[in-house]
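S.K.: Got a structure for you, written out below as structure tokens; questions coming shortly.
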Amino acid sequence: VSLETDYSTLKVKYDKLVKPARTAKGKYVVEVNYEKIKGKGRIRFKDAGDENYTTLTSDELHNKLAALKKEHPKKLYIKIIIPENSGLSYSEAWNFTKDMLDKYDYYGWNK
């Protein structure tokens, strides 16, 4: 009985440390494309089912993602696209990606 209790406690702690791989399966998927054009950031957004991107400001993107997160709790999957020749530094691309996923994506690294 003592060993079973110890194992159960250890398993709960282990499961908290190990998350399953992030997947779009069964999620509401949106795309966010971020790049710099002539030194200025450009954010383009494509909602699920849309054929084309819409250009948004940073505030518009945050408002849109916050609304979608409320509409699809624990189901919002954000596909971040940083083009190869984006004009962004590695740090800029990483910070943008991490910020979007932490705040809005179902998986979020800080959850």
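Chain labels A, B, ... are given in the sequence in which chains occur in the structure tokens; within each chain residues are numbered consecutively from 1, and ligands are likewise numbered from 1 in the order shown.
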Find the residues near range 74-80 of chain A: any atom within 7 Å, counting only C-alpha atoms, skip ones fewer than 2 places away on the same chain, and give them as a short mmCIF file (atom, residue, chain, number, x, y, z; two decimals) with C-alpha atoms, in the first residue's frame.
M.R.:
data_model
loop_
_atom_site.label_atom_id
_atom_site.label_comp_id
_atom_site.auth_asym_id
_atom_site.auth_seq_id
_atom_site.Cartn_x
_atom_site.Cartn_y
_atom_site.Cartn_z
CA ALA A 24 -3.56 21.14 -34.10
CA LYS A 27 -8.31 22.60 -32.35
CA TYR A 28 -9.50 25.91 -33.79
CA VAL A 29 -6.50 26.85 -35.95
CA VAL A 30 -5.52 30.40 -36.90
CA GLU A 31 -2.37 31.66 -38.61
CA VAL A 32 -0.28 34.69 -37.69
CA ASN A 33 2.41 35.81 -40.11
CA LYS A 69 -9.54 32.49 -26.80
CA HIS A 72 -12.66 28.59 -28.05
CA ILE A 82 7.98 33.78 -39.56
CA THR A 97 6.17 33.70 -30.88
CA LEU A 101 1.57 31.32 -27.47
CA ASP A 105 -2.59 29.35 -27.46
CA TYR A 106 -4.22 26.34 -25.77
#
S.K.: Write out as a PyMOL selection string the set of residues from chain A that DSSP, computed on the backbone, places in alpha helix (DSSP H).
M.R.: chain A and resi 2-17+58-71+90-104
S.K.: Where does DSSP see strand (DSSP E or B) in chain A, if you list the residues as a compact mmCIF listing (two decimals) with N, CA and C atoms, in the first residue's frame?
M.R.:
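The new file selection_38.txt reads:
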# COMPACT_ATOMS: atom_id res chain seq x y z
N TYR A 28 -9.11 24.81 -32.91
CA TYR A 28 -9.50 25.91 -33.79
C TYR A 28 -8.19 26.58 -34.21
N VAL A 29 -7.82 26.43 -35.47
CA VAL A 29 -6.50 26.85 -35.95
C VAL A 29 -6.56 28.20 -36.67
N VAL A 30 -5.70 29.12 -36.22
CA VAL A 30 -5.52 30.40 -36.90
C VAL A 30 -4.04 30.56 -37.23
N GLU A 31 -3.75 31.41 -38.22
CA GLU A 31 -2.37 31.66 -38.61
C GLU A 31 -2.02 33.12 -38.38
N VAL A 32 -0.81 33.34 -37.88
CA VAL A 32 -0.28 34.69 -37.69
C VAL A 32 1.07 34.73 -38.39
N ASN A 33 1.18 35.63 -39.34
CA ASN A 33 2.41 35.81 -40.11
C ASN A 33 3.05 37.12 -39.65
N TYR A 34 4.32 37.07 -39.25
CA TYR A 34 4.98 38.27 -38.73
C TYR A 34 6.31 38.47 -39.45
N GLU A 35 6.52 39.70 -39.92
CA GLU A 35 7.77 40.04 -40.60
C GLU A 35 7.98 41.55 -40.55
N LYS A 36 9.16 41.96 -40.95
CA LYS A 36 9.46 43.40 -41.05
C LYS A 36 9.58 43.76 -42.53
N ILE A 37 8.90 44.83 -42.89
CA ILE A 37 8.98 45.37 -44.25
C ILE A 37 9.51 46.79 -44.11
N LYS A 40 9.65 48.14 -40.59
CA LYS A 40 8.41 48.20 -39.80
C LYS A 40 7.77 46.82 -39.72
N GLY A 41 7.30 46.46 -38.52
CA GLY A 41 6.64 45.18 -38.34
C GLY A 41 5.33 45.10 -39.10
N ARG A 42 5.07 43.94 -39.68
CA ARG A 42 3.81 43.72 -40.37
C ARG A 42 3.23 42.40 -39.86
N ILE A 43 2.01 42.48 -39.37
CA ILE A 43 1.31 41.30 -38.85
C ILE A 43 0.15 41.00 -39.79
N ARG A 44 0.12 39.76 -40.25
CA ARG A 44 -1.00 39.32 -41.07
C ARG A 44 -1.67 38.15 -40.37
N PHE A 45 -2.98 38.11 -40.46
CA PHE A 45 -3.78 37.13 -39.71
C PHE A 45 -4.72 36.39 -40.66
N LYS A 46 -4.83 35.08 -40.45
CA LYS A 46 -5.77 34.28 -41.23
C LYS A 46 -6.58 33.43 -40.24
N THR A 54 -5.36 38.94 -43.51
CA THR A 54 -5.76 40.32 -43.26
C THR A 54 -4.63 40.97 -42.48
N THR A 55 -4.21 42.17 -42.87
CA THR A 55 -3.17 42.88 -42.15
C THR A 55 -3.78 43.56 -40.93
N LEU A 56 -3.16 43.36 -39.77
CA LEU A 56 -3.65 43.91 -38.51
C LEU A 56 -2.55 44.67 -37.79
N LEU A 76 -7.82 26.90 -28.88
CA LEU A 76 -7.21 27.81 -29.85
C LEU A 76 -5.76 27.42 -30.12
N TYR A 77 -5.48 27.10 -31.37
CA TYR A 77 -4.12 26.74 -31.81
C TYR A 77 -3.64 27.85 -32.73
N ILE A 78 -2.53 28.48 -32.36
CA ILE A 78 -2.00 29.58 -33.16
C ILE A 78 -0.77 29.10 -33.92
N LYS A 79 -0.88 29.11 -35.22
CA LYS A 79 0.25 28.74 -36.08
C LYS A 79 1.00 30.03 -36.41
N ILE A 80 2.18 30.19 -35.82
CA ILE A 80 3.00 31.38 -36.05
C ILE A 80 3.90 31.10 -37.26
N ILE A 81 3.87 32.02 -38.22
CA ILE A 81 4.71 31.88 -39.41
C ILE A 81 5.66 33.08 -39.47
S.K.: Pick the closest to Ser86 in chain A from A:Lys38, A:Lys70, A:Lys64, A:Arg22: which is it, counting only C-alpha atoms?
M.R.: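 Between A:Lys38, A:Lys70, A:Lys64, A:Arg22, the residue approaching Ser86 in chain A most closely is A:Lys38.
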S.K.: Could you state the separation of CA of Glu51 in chain A and CA of Asn85 in chain A in Å, given to one decimal place?
M.R.: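 CA of Glu51 in chain A sits 22.6 Å away from CA of Asn85 in chain A.
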S.K.: Rounded to one decimal, what separation in Å do you get between CA of Tyr104 in chain A and CA of Leu88 in chain A?
M.R.: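 Between CA of Tyr104 in chain A and CA of Leu88 in chain A the gap is 21.7 Å.
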